[in-house]
file final03.cif (mmCIF, C-alpha atoms, pLDDT in the B column; chains and numbers go by the auth columns)
data_model
#
loop_
_atom_site.group_PDB
_atom_site.id
_atom_site.type_symbol
_atom_site.label_atom_id
_atom_site.label_comp_id
_atom_site.label_asym_id
_atom_site.label_seq_id
_atom_site.Cartn_x
_atom_site.Cartn_y
_atom_site.Cartn_z
_atom_site.B_iso_or_equiv
_atom_site.auth_seq_id
_atom_site.auth_asym_id
ATOM 1 C CA MET A 1 19.044 23.298 11.716 68.00 1 A
ATOM 2 C CA THR A 2 21.971 25.459 10.710 87.00 2 A
ATOM 3 C CA PHE A 3 23.797 28.252 12.496 90.00 3 A
ATOM 4 C CA ILE A 4 25.790 30.305 9.993 94.00 4 A
ATOM 5 C CA HIS A 5 27.627 33.608 9.775 96.00 5 A
ATOM 6 C CA ALA A 6 25.520 36.297 8.136 97.00 6 A
ATOM 7 C CA GLN A 7 26.755 37.926 4.936 97.00 7 A
ATOM 8 C CA GLU A 8 26.048 41.415 3.581 96.00 8 A
ATOM 9 C CA THR A 9 23.805 39.773 0.968 97.00 9 A
ATOM 10 C CA ASP A 10 21.558 38.583 3.822 97.00 10 A
ATOM 11 C CA MET A 11 20.821 42.168 4.890 97.00 11 A
ATOM 12 C CA PRO A 12 17.322 42.461 3.309 97.00 12 A
ATOM 13 C CA GLU A 13 16.075 39.359 5.159 97.00 13 A
ATOM 14 C CA ILE A 14 17.813 40.423 8.370 97.00 14 A
ATOM 15 C CA MET A 15 16.265 43.893 8.213 97.00 15 A
ATOM 16 C CA GLN A 16 12.806 42.405 7.581 97.00 16 A
ATOM 17 C CA ILE A 17 13.055 40.378 10.802 97.00 17 A
ATOM 18 C CA ILE A 18 14.552 43.303 12.765 97.00 18 A
ATOM 19 C CA ASN A 19 11.916 45.755 11.500 96.00 19 A
ATOM 20 C CA ASP A 20 9.108 43.317 12.322 96.00 20 A
ATOM 21 C CA ALA A 21 10.542 43.014 15.840 96.00 21 A
ATOM 22 C CA LYS A 22 10.700 46.807 16.148 96.00 22 A
ATOM 23 C CA ARG A 23 7.018 47.030 15.203 96.00 23 A
ATOM 24 C CA ARG A 24 6.092 44.377 17.775 96.00 24 A
ATOM 25 C CA LEU A 25 7.986 46.271 20.473 95.00 25 A
ATOM 26 C CA GLN A 26 6.311 49.533 19.503 95.00 26 A
ATOM 27 C CA LYS A 27 2.844 47.908 19.536 95.00 27 A
ATOM 28 C CA SER A 28 3.596 46.653 23.049 94.00 28 A
ATOM 29 C CA GLY A 29 4.522 50.165 24.191 93.00 29 A
ATOM 30 C CA ILE A 30 8.211 49.299 24.635 93.00 30 A
ATOM 31 C CA ASP A 31 10.650 51.991 23.518 90.00 31 A
ATOM 32 C CA GLN A 32 13.456 49.468 22.913 91.00 32 A
ATOM 33 C CA TRP A 33 14.803 49.667 19.318 90.00 33 A
ATOM 34 C CA GLN A 34 12.596 52.696 18.556 89.00 34 A
ATOM 35 C CA ASP A 35 15.444 55.143 17.916 87.00 35 A
ATOM 36 C CA GLY A 36 16.622 53.694 14.606 84.00 36 A
ATOM 37 C CA TYR A 37 18.911 51.106 16.193 90.00 37 A
ATOM 38 C CA PRO A 38 19.707 48.435 15.191 94.00 38 A
ATOM 39 C CA ASN A 39 20.032 49.515 11.590 93.00 39 A
ATOM 40 C CA GLU A 40 21.877 48.403 8.454 95.00 40 A
ATOM 41 C CA GLU A 41 25.019 50.225 9.563 95.00 41 A
ATOM 42 C CA SER A 42 25.235 48.637 13.024 94.00 42 A
ATOM 43 C CA LEU A 43 24.271 45.196 11.713 96.00 43 A
ATOM 44 C CA GLY A 44 26.772 45.596 8.863 96.00 44 A
ATOM 45 C CA GLN A 45 29.478 46.188 11.474 95.00 45 A
ATOM 46 C CA ASP A 46 28.397 42.996 13.271 95.00 46 A
ATOM 47 C CA ILE A 47 28.574 41.108 9.976 97.00 47 A
ATOM 48 C CA SER A 48 32.014 42.467 9.050 97.00 48 A
ATOM 49 C CA ARG A 49 33.368 41.464 12.491 95.00 49 A
ATOM 50 C CA GLY A 50 31.891 37.981 12.057 95.00 50 A
ATOM 51 C CA ASP A 51 29.564 38.474 15.045 95.00 51 A
ATOM 52 C CA TYR A 52 26.174 38.228 13.303 97.00 52 A
ATOM 53 C CA TYR A 53 24.519 34.880 12.705 96.00 53 A
ATOM 54 C CA LEU A 54 21.505 33.345 11.047 97.00 54 A
ATOM 55 C CA TYR A 55 19.554 30.455 12.496 96.00 55 A
ATOM 56 C CA VAL A 56 18.172 28.537 9.518 95.00 56 A
ATOM 57 C CA ARG A 57 15.970 25.437 9.551 91.00 57 A
ATOM 58 C CA GLU A 58 14.710 23.672 6.425 90.00 58 A
ATOM 59 C CA GLU A 59 16.000 26.585 4.314 90.00 59 A
ATOM 60 C CA LYS A 60 13.862 29.061 6.304 93.00 60 A
ATOM 61 C CA LEU A 61 15.411 31.920 8.249 95.00 61 A
ATOM 62 C CA MET A 62 14.125 31.435 11.789 96.00 62 A
ATOM 63 C CA ALA A 63 16.076 34.059 13.752 97.00 63 A
ATOM 64 C CA VAL A 64 18.973 36.502 13.623 97.00 64 A
ATOM 65 C CA LEU A 65 21.432 37.310 16.392 97.00 65 A
ATOM 66 C CA ALA A 66 24.775 38.786 17.352 96.00 66 A
ATOM 67 C CA LEU A 67 27.033 36.552 19.406 97.00 67 A
ATOM 68 C CA VAL A 68 30.001 38.549 20.646 96.00 68 A
ATOM 69 C CA PHE A 69 33.101 36.867 22.051 94.00 69 A
ATOM 70 C CA ASP A 70 35.327 39.837 22.875 86.00 70 A
ATOM 71 C CA GLY A 71 33.388 41.209 25.828 88.00 71 A
ATOM 72 C CA ASP A 72 30.924 44.052 26.077 93.00 72 A
ATOM 73 C CA PRO A 73 32.021 47.418 27.492 94.00 73 A
ATOM 74 C CA ASN A 74 28.486 47.974 28.828 95.00 74 A
ATOM 75 C CA TYR A 75 28.970 44.934 31.081 96.00 75 A
ATOM 76 C CA LYS A 76 32.010 46.318 32.936 95.00 76 A
ATOM 77 C CA VAL A 77 29.806 47.970 35.549 95.00 77 A
ATOM 78 C CA ILE A 78 26.770 46.220 36.977 97.00 78 A
ATOM 79 C CA THR A 79 24.567 47.703 39.700 97.00 79 A
ATOM 80 C CA ASN A 80 21.944 46.171 41.999 97.00 80 A
ATOM 81 C CA GLY A 81 23.761 42.837 41.842 97.00 81 A
ATOM 82 C CA GLU A 82 26.808 41.121 40.375 97.00 82 A
ATOM 83 C CA TRP A 83 27.814 38.828 37.558 97.00 83 A
ATOM 84 C CA LEU A 84 28.025 35.111 38.312 97.00 84 A
ATOM 85 C CA THR A 85 31.480 34.926 36.685 94.00 85 A
ATOM 86 C CA GLU A 86 33.170 38.240 37.385 85.00 86 A
ATOM 87 C CA ASP A 87 36.611 37.742 35.834 84.00 87 A
ATOM 88 C CA LYS A 88 36.100 34.917 33.347 90.00 88 A
ATOM 89 C CA PRO A 89 35.686 35.092 29.576 92.00 89 A
ATOM 90 C CA TYR A 90 32.070 35.188 28.436 96.00 90 A
ATOM 91 C CA SER A 91 30.092 35.622 25.264 97.00 91 A
ATOM 92 C CA ALA A 92 27.218 38.070 24.911 97.00 92 A
ATOM 93 C CA LEU A 93 23.988 37.633 22.981 97.00 93 A
ATOM 94 C CA HIS A 94 22.688 40.823 21.354 96.00 94 A
ATOM 95 C CA ARG A 95 20.354 42.095 18.631 95.00 95 A
ATOM 96 C CA VAL A 96 18.355 38.881 18.534 96.00 96 A
ATOM 97 C CA ALA A 97 15.004 38.646 16.764 97.00 97 A
ATOM 98 C CA VAL A 98 12.770 35.772 15.705 97.00 98 A
ATOM 99 C CA ALA A 99 11.015 35.733 12.325 97.00 99 A
ATOM 100 C CA GLU A 100 7.382 36.821 12.610 95.00 100 A
ATOM 101 C CA GLN A 101 5.980 33.525 11.287 94.00 101 A
ATOM 102 C CA GLU A 102 8.060 31.547 13.822 95.00 102 A
ATOM 103 C CA LEU A 103 6.850 33.299 16.977 94.00 103 A
ATOM 104 C CA GLY A 104 5.464 31.017 19.656 93.00 104 A
ATOM 105 C CA LYS A 105 7.226 27.929 18.284 93.00 105 A
ATOM 106 C CA GLY A 106 10.122 27.728 20.746 93.00 106 A
ATOM 107 C CA VAL A 107 12.648 29.323 18.393 95.00 107 A
ATOM 108 C CA MET A 108 14.046 31.651 21.058 95.00 108 A
ATOM 109 C CA GLY A 109 14.841 28.672 23.290 95.00 109 A
ATOM 110 C CA GLN A 110 16.654 27.050 20.368 95.00 110 A
ATOM 111 C CA VAL A 111 18.621 30.255 19.787 96.00 111 A
ATOM 112 C CA PHE A 112 19.808 30.194 23.401 97.00 112 A
ATOM 113 C CA LYS A 113 20.893 26.550 23.074 96.00 113 A
ATOM 114 C CA ILE A 114 22.808 27.247 19.859 94.00 114 A
ATOM 115 C CA ALA A 115 24.507 30.309 21.381 96.00 115 A
ATOM 116 C CA GLU A 116 25.446 28.267 24.451 97.00 116 A
ATOM 117 C CA THR A 117 26.921 25.493 22.281 95.00 117 A
ATOM 118 C CA GLU A 118 28.995 28.024 20.316 95.00 118 A
ATOM 119 C CA THR A 119 30.141 29.629 23.563 96.00 119 A
ATOM 120 C CA LEU A 120 31.285 26.271 24.945 96.00 120 A
ATOM 121 C CA LYS A 121 33.097 25.439 21.688 95.00 121 A
ATOM 122 C CA ARG A 122 35.213 28.541 22.233 94.00 122 A
ATOM 123 C CA GLY A 123 35.984 27.566 25.816 94.00 123 A
ATOM 124 C CA TYR A 124 34.079 30.423 27.427 95.00 124 A
ATOM 125 C CA ALA A 125 32.644 30.095 30.937 90.00 125 A
ATOM 126 C CA SER A 126 29.292 31.786 30.469 97.00 126 A
ATOM 127 C CA LEU A 127 26.818 33.569 28.244 98.00 127 A
ATOM 128 C CA ARG A 128 25.408 36.985 29.130 98.00 128 A
ATOM 129 C CA VAL A 129 22.365 38.778 27.767 98.00 129 A
ATOM 130 C CA ASP A 130 20.452 41.935 28.626 98.00 130 A
ATOM 131 C CA THR A 131 17.045 43.327 27.806 97.00 131 A
ATOM 132 C CA HIS A 132 14.827 46.349 28.286 96.00 132 A
ATOM 133 C CA PRO A 133 12.994 46.523 31.653 97.00 133 A
ATOM 134 C CA ASP A 134 9.616 46.602 29.851 96.00 134 A
ATOM 135 C CA ASN A 135 10.375 43.683 27.513 96.00 135 A
ATOM 136 C CA LYS A 136 8.603 41.062 29.628 96.00 136 A
ATOM 137 C CA ARG A 137 8.411 38.574 26.754 93.00 137 A
ATOM 138 C CA MET A 138 12.208 38.517 26.399 95.00 138 A
ATOM 139 C CA GLN A 139 12.677 38.408 30.169 97.00 139 A
ATOM 140 C CA ARG A 140 10.474 35.296 30.320 96.00 140 A
ATOM 141 C CA ALA A 141 12.389 33.666 27.456 96.00 141 A
ATOM 142 C CA ILE A 142 15.722 34.416 29.156 98.00 142 A
ATOM 143 C CA GLU A 143 14.565 33.027 32.493 98.00 143 A
ATOM 144 C CA LYS A 144 12.930 29.987 30.870 97.00 144 A
ATOM 145 C CA ALA A 145 16.296 29.206 29.234 97.00 145 A
ATOM 146 C CA GLY A 146 17.882 29.017 32.699 98.00 146 A
ATOM 147 C CA TYR A 147 19.561 32.415 32.967 98.00 147 A
ATOM 148 C CA THR A 148 20.000 34.139 36.313 98.00 148 A
ATOM 149 C CA TYR A 149 19.043 37.775 36.793 99.00 149 A
ATOM 150 C CA CYS A 150 22.241 39.542 37.886 98.00 150 A
ATOM 151 C CA GLY A 151 21.381 43.253 38.110 98.00 151 A
ATOM 152 C CA HIS A 152 21.308 46.419 36.028 98.00 152 A
ATOM 153 C CA ILE A 153 23.653 47.572 33.309 98.00 153 A
ATOM 154 C CA TYR A 154 23.537 50.858 31.450 97.00 154 A
ATOM 155 C CA LEU A 155 24.118 51.334 27.750 94.00 155 A
ATOM 156 C CA GLU A 156 26.440 54.039 26.446 92.00 156 A
ATOM 157 C CA ASN A 157 23.429 56.349 26.025 90.00 157 A
ATOM 158 C CA GLY A 158 22.409 55.792 29.659 93.00 158 A
ATOM 159 C CA ASP A 159 19.473 53.450 29.005 93.00 159 A
ATOM 160 C CA LEU A 160 18.846 50.869 31.729 97.00 160 A
ATOM 161 C CA ARG A 161 18.885 47.165 30.884 98.00 161 A
ATOM 162 C CA TYR A 162 18.268 44.064 33.000 99.00 162 A
ATOM 163 C CA ALA A 163 21.318 41.804 32.870 98.00 163 A
ATOM 164 C CA TYR A 164 21.358 38.011 32.982 99.00 164 A
ATOM 165 C CA GLU A 165 24.024 35.324 32.888 98.00 165 A
ATOM 166 C CA LYS A 166 24.156 31.561 32.571 98.00 166 A
ATOM 167 C CA VAL A 167 27.201 29.565 33.656 98.00 167 A
ATOM 168 C CA LEU A 168 27.874 26.818 31.131 96.00 168 A
ATOM 169 C CA HIS A 169 29.387 23.440 31.983 78.00 169 A
#

call {"tool": "encode", "arguments": {"input": "final03.cif", "output": "C-alpha coordinates"}}
result
Amino acid sequence: MTFIHAQETDMPEIMQIINDAKRRLQKSGIDQWQDGYPNEESLGQDISRGDYYLYVREEKLMAVLALVFDGDPNYKVITNGEWLTEDKPYSALHRVAVAEQELGKGVMGQVFKIAETETLKRGYASLRVDTHPDNKRMQRAIEKAGYTYCGHIYLENGDLRYAYEKVLH
(Lines of atoms letter the chains of each structure in order from A and count residues from 1; the text may use other names and numbers.)
(Lines give C-alpha, C1' and ligand atoms only; values in the text may rest on other atoms or scores of the structure.)
Protein backbone atom coordinates (compact mmCIF):
# COMPACT_ATOMS: atom_id res chain seq x y z
CA MET A 1 0.00 0.00 0.00
CA THR A 2 1.15 3.51 -0.79
CA PHE A 3 0.23 6.87 0.67
CA ILE A 4 1.25 9.65 -1.72
CA HIS A 5 0.66 13.35 -2.27
CA ALA A 6 -1.98 13.99 -4.91
CA GLN A 7 -1.04 15.93 -8.04
CA GLU A 8 -3.23 18.10 -10.28
CA THR A 9 -3.05 15.31 -12.88
CA ASP A 10 -4.88 13.04 -10.41
CA MET A 11 -7.92 15.34 -10.38
CA PRO A 12 -10.15 13.26 -12.73
CA GLU A 13 -9.78 10.14 -10.55
CA ILE A 14 -10.18 12.18 -7.36
CA MET A 15 -13.35 13.82 -8.65
CA GLN A 16 -14.78 10.44 -9.68
CA ILE A 17 -14.40 9.15 -6.11
CA ILE A 18 -15.70 12.41 -4.58
CA ASN A 19 -18.70 12.54 -6.93
CA ASP A 20 -19.54 8.90 -6.23
CA ALA A 21 -19.43 9.70 -2.50
CA LYS A 22 -21.71 12.71 -3.04
CA ARG A 23 -24.23 10.48 -4.82
CA ARG A 24 -24.12 7.93 -1.98
CA LEU A 25 -24.74 10.69 0.57
CA GLN A 26 -27.63 12.07 -1.47
CA LYS A 27 -29.19 8.59 -1.85
CA SER A 28 -29.00 8.23 1.94
CA GLY A 29 -30.81 11.54 2.42
CA ILE A 30 -27.73 13.27 3.87
CA ASP A 31 -27.22 16.87 2.74
CA GLN A 32 -23.45 16.73 3.37
CA TRP A 33 -21.45 17.64 0.23
CA GLN A 34 -24.64 18.51 -1.68
CA ASP A 35 -23.84 22.19 -2.21
CA GLY A 36 -21.05 21.74 -4.75
CA TYR A 37 -18.32 21.29 -2.14
CA PRO A 38 -15.80 19.73 -2.30
CA ASN A 39 -15.07 20.65 -5.89
CA GLU A 40 -12.05 20.89 -8.19
CA GLU A 41 -11.21 24.35 -6.85
CA SER A 42 -11.20 23.38 -3.16
CA LEU A 43 -9.41 20.09 -3.84
CA GLY A 44 -6.91 21.92 -6.07
CA GLN A 45 -6.12 24.20 -3.12
CA ASP A 46 -5.56 21.12 -0.93
CA ILE A 47 -3.24 19.69 -3.58
CA SER A 48 -1.25 22.92 -4.00
CA ARG A 49 -0.75 23.13 -0.20
CA GLY A 50 0.41 19.51 -0.15
CA ASP A 51 -2.54 18.48 2.04
CA TYR A 52 -4.31 16.05 -0.31
CA TYR A 53 -3.31 12.41 -0.48
CA LEU A 54 -4.06 9.24 -2.38
CA TYR A 55 -4.20 5.82 -0.78
CA VAL A 56 -3.10 3.37 -3.47
CA ARG A 57 -2.85 -0.42 -3.23
CA GLU A 58 -1.71 -2.68 -6.07
CA GLU A 59 -1.85 0.31 -8.45
CA LYS A 60 -5.54 0.89 -7.61
CA LEU A 61 -6.76 4.13 -6.07
CA MET A 62 -8.53 3.04 -2.89
CA ALA A 63 -9.32 6.37 -1.20
CA VAL A 64 -8.63 10.10 -1.23
CA LEU A 65 -8.21 12.39 1.76
CA ALA A 66 -6.96 15.70 3.08
CA LEU A 67 -4.62 15.52 6.05
CA VAL A 68 -4.05 18.99 7.43
CA PHE A 69 -1.22 19.75 9.84
CA ASP A 70 -1.65 23.48 10.44
CA GLY A 71 -4.83 23.37 12.49
CA ASP A 72 -8.43 23.96 11.53
CA PRO A 73 -10.11 27.28 12.34
CA ASN A 74 -13.46 25.47 12.69
CA TYR A 75 -11.98 23.53 15.63
CA LYS A 76 -11.19 26.61 17.75
CA VAL A 77 -14.63 26.53 19.35
CA ILE A 78 -16.25 23.28 20.43
CA THR A 79 -19.62 23.08 22.17
CA ASN A 80 -21.34 20.29 24.11
CA GLY A 81 -17.95 18.91 25.13
CA GLU A 82 -14.22 19.52 24.82
CA TRP A 83 -11.20 18.33 22.90
CA LEU A 84 -9.05 15.65 24.51
CA THR A 85 -5.89 17.69 23.79
CA GLU A 86 -6.88 21.33 24.07
CA ASP A 87 -3.57 23.12 23.49
CA LYS A 88 -1.45 20.55 21.66
CA PRO A 89 -0.65 20.30 17.96
CA TYR A 90 -2.99 18.01 16.04
CA SER A 91 -3.69 16.96 12.50
CA ALA A 92 -7.15 16.97 10.96
CA LEU A 93 -8.63 14.49 8.50
CA HIS A 94 -10.99 16.04 5.94
CA ARG A 95 -12.60 15.42 2.55
CA VAL A 96 -12.09 11.67 2.74
CA ALA A 97 -13.83 9.27 0.37
CA VAL A 98 -13.39 5.61 -0.48
CA ALA A 99 -13.57 4.34 -4.07
CA GLU A 100 -16.97 2.83 -4.86
CA GLN A 101 -15.58 -0.63 -5.67
CA GLU A 102 -13.68 -0.72 -2.35
CA LEU A 103 -16.62 -0.06 -0.04
CA GLY A 104 -17.11 -2.61 2.71
CA LYS A 105 -13.52 -3.88 2.51
CA GLY A 106 -12.07 -2.09 5.54
CA VAL A 107 -10.44 0.69 3.51
CA MET A 108 -11.67 3.45 5.82
CA GLY A 109 -10.00 1.76 8.79
CA GLN A 110 -6.77 1.60 6.80
CA VAL A 111 -7.08 5.29 5.96
CA PHE A 112 -7.33 6.13 9.67
CA LYS A 113 -4.23 4.03 10.43
CA ILE A 114 -2.23 5.70 7.66
CA ALA A 115 -3.32 9.18 8.78
CA GLU A 116 -2.38 8.32 12.36
CA THR A 117 1.06 7.09 11.27
CA GLU A 118 1.68 10.30 9.30
CA THR A 119 0.51 12.37 12.27
CA LEU A 120 2.93 10.58 14.60
CA LYS A 121 5.80 11.01 12.11
CA ARG A 122 5.30 14.76 12.39
CA GLY A 123 5.31 14.63 16.18
CA TYR A 124 1.68 15.63 16.63
CA ALA A 125 -0.29 14.57 19.71
CA SER A 126 -3.61 13.68 18.12
CA LEU A 127 -5.79 13.38 15.05
CA ARG A 128 -9.16 15.11 14.80
CA VAL A 129 -12.04 14.47 12.41
CA ASP A 130 -15.61 15.67 12.08
CA THR A 131 -18.68 14.51 10.22
CA HIS A 132 -22.28 15.40 9.49
CA PRO A 133 -24.80 14.46 12.22
CA ASP A 134 -26.74 12.29 9.74
CA ASN A 135 -23.68 10.47 8.36
CA LYS A 136 -24.06 7.39 10.57
CA ARG A 137 -21.78 5.28 8.37
CA MET A 138 -18.86 7.68 8.90
CA GLN A 139 -19.66 8.01 12.60
CA ARG A 140 -19.43 4.22 12.96
CA ALA A 141 -16.14 4.12 11.05
CA ILE A 142 -14.70 6.90 13.24
CA GLU A 143 -15.77 5.20 16.46
CA LYS A 144 -14.61 1.77 15.25
CA ALA A 145 -11.16 3.29 14.63
CA GLY A 146 -10.99 4.28 18.31
CA TYR A 147 -11.90 7.97 18.17
CA THR A 148 -13.68 9.67 21.04
CA TYR A 149 -16.73 11.84 20.45
CA CYS A 150 -15.81 15.29 21.80
CA GLY A 151 -18.75 17.58 20.97
CA HIS A 152 -20.05 19.88 18.26
CA ILE A 153 -18.17 22.19 15.94
CA TYR A 154 -19.65 24.56 13.41
CA LEU A 155 -18.33 25.19 9.92
CA GLU A 156 -17.85 28.71 8.59
CA ASN A 157 -21.32 28.52 6.99
CA GLY A 158 -22.88 27.55 10.33
CA ASP A 159 -23.40 23.85 9.59
CA LEU A 160 -23.17 21.56 12.61
CA ARG A 161 -20.64 18.73 12.67
CA TYR A 162 -19.89 16.03 15.24
CA ALA A 163 -16.25 16.26 16.32
CA TYR A 164 -13.97 13.40 17.30
CA GLU A 165 -10.37 13.06 18.43
CA LYS A 166 -7.90 10.26 19.02
CA VAL A 167 -4.82 10.74 21.18
CA LEU A 168 -1.86 8.99 19.57
CA HIS A 169 1.01 7.42 21.49

call {"tool": "closest_residue", "arguments": {"input": "final03.cif", "among": "A:Gln110, A:Thr119, A:Gln26, A:Ser42", "to": "Tyr90 of chain A", "atoms": "all atoms listed in the file"}}
result
A:Thr119

call {"tool": "closest_residue", "arguments": {"input": "final03.cif", "among": "A:Phe3, A:Tyr52, A:Phe112, A:Tyr154", "to": "Ser126 of chain A", "atoms": "only C-alpha atoms"}}
result
A:Phe112

call {"tool": "resolve_selection", "arguments": {"input": "final03.cif", "expression": "the PyMOL selection byres ((chain A and resi 143-148) around 7)", "output": "number ranges by chain"}}
result
A: 109, 112, 139-142, 149-150, 164-166

call {"tool": "resolve_selection", "arguments": {"input": "final03.cif", "expression": "the PyMOL selection byres ((chain A and resi 17-23) around 10)", "output": "PyMOL selection string"}}
result
chain A and resi 11-16+24-40+43+61-65+95-101

call {"tool": "atom_distance", "arguments": {"input": "final03.cif", "atom1": "atom CA of Arg161 of chain A", "atom2": "atom CA of Val68 of chain A"}}
result
17.4 Å

call {"tool": "atom_distance", "arguments": {"input": "final03.cif", "atom1": "atom CA of Thr117 of chain A", "atom2": "atom CA of Leu168 of chain A"}}
result
9.0 Å

call {"tool": "closest_residue", "arguments": {"input": "final03.cif", "among": "A:Ile47, A:Ala125, A:Ile114, A:Leu93", "to": "His5 of chain A", "atoms": "all atoms listed in the file"}}
result
A:Ile47

call {"tool": "atom_distance", "arguments": {"input": "final03.cif", "atom1": "atom CA of Asn74 of chain A", "atom2": "atom CA of Glu156 of chain A"}}
result
6.8 Å

call {"tool": "resolve_selection", "arguments": {"input": "final03.cif", "expression": "the PyMOL selection byres ((chain A and resi 160) around 12)", "output": "ChimeraX atom specification"}}
result
/A:31-32,74-75,77-80,130-135,151-159,161-163
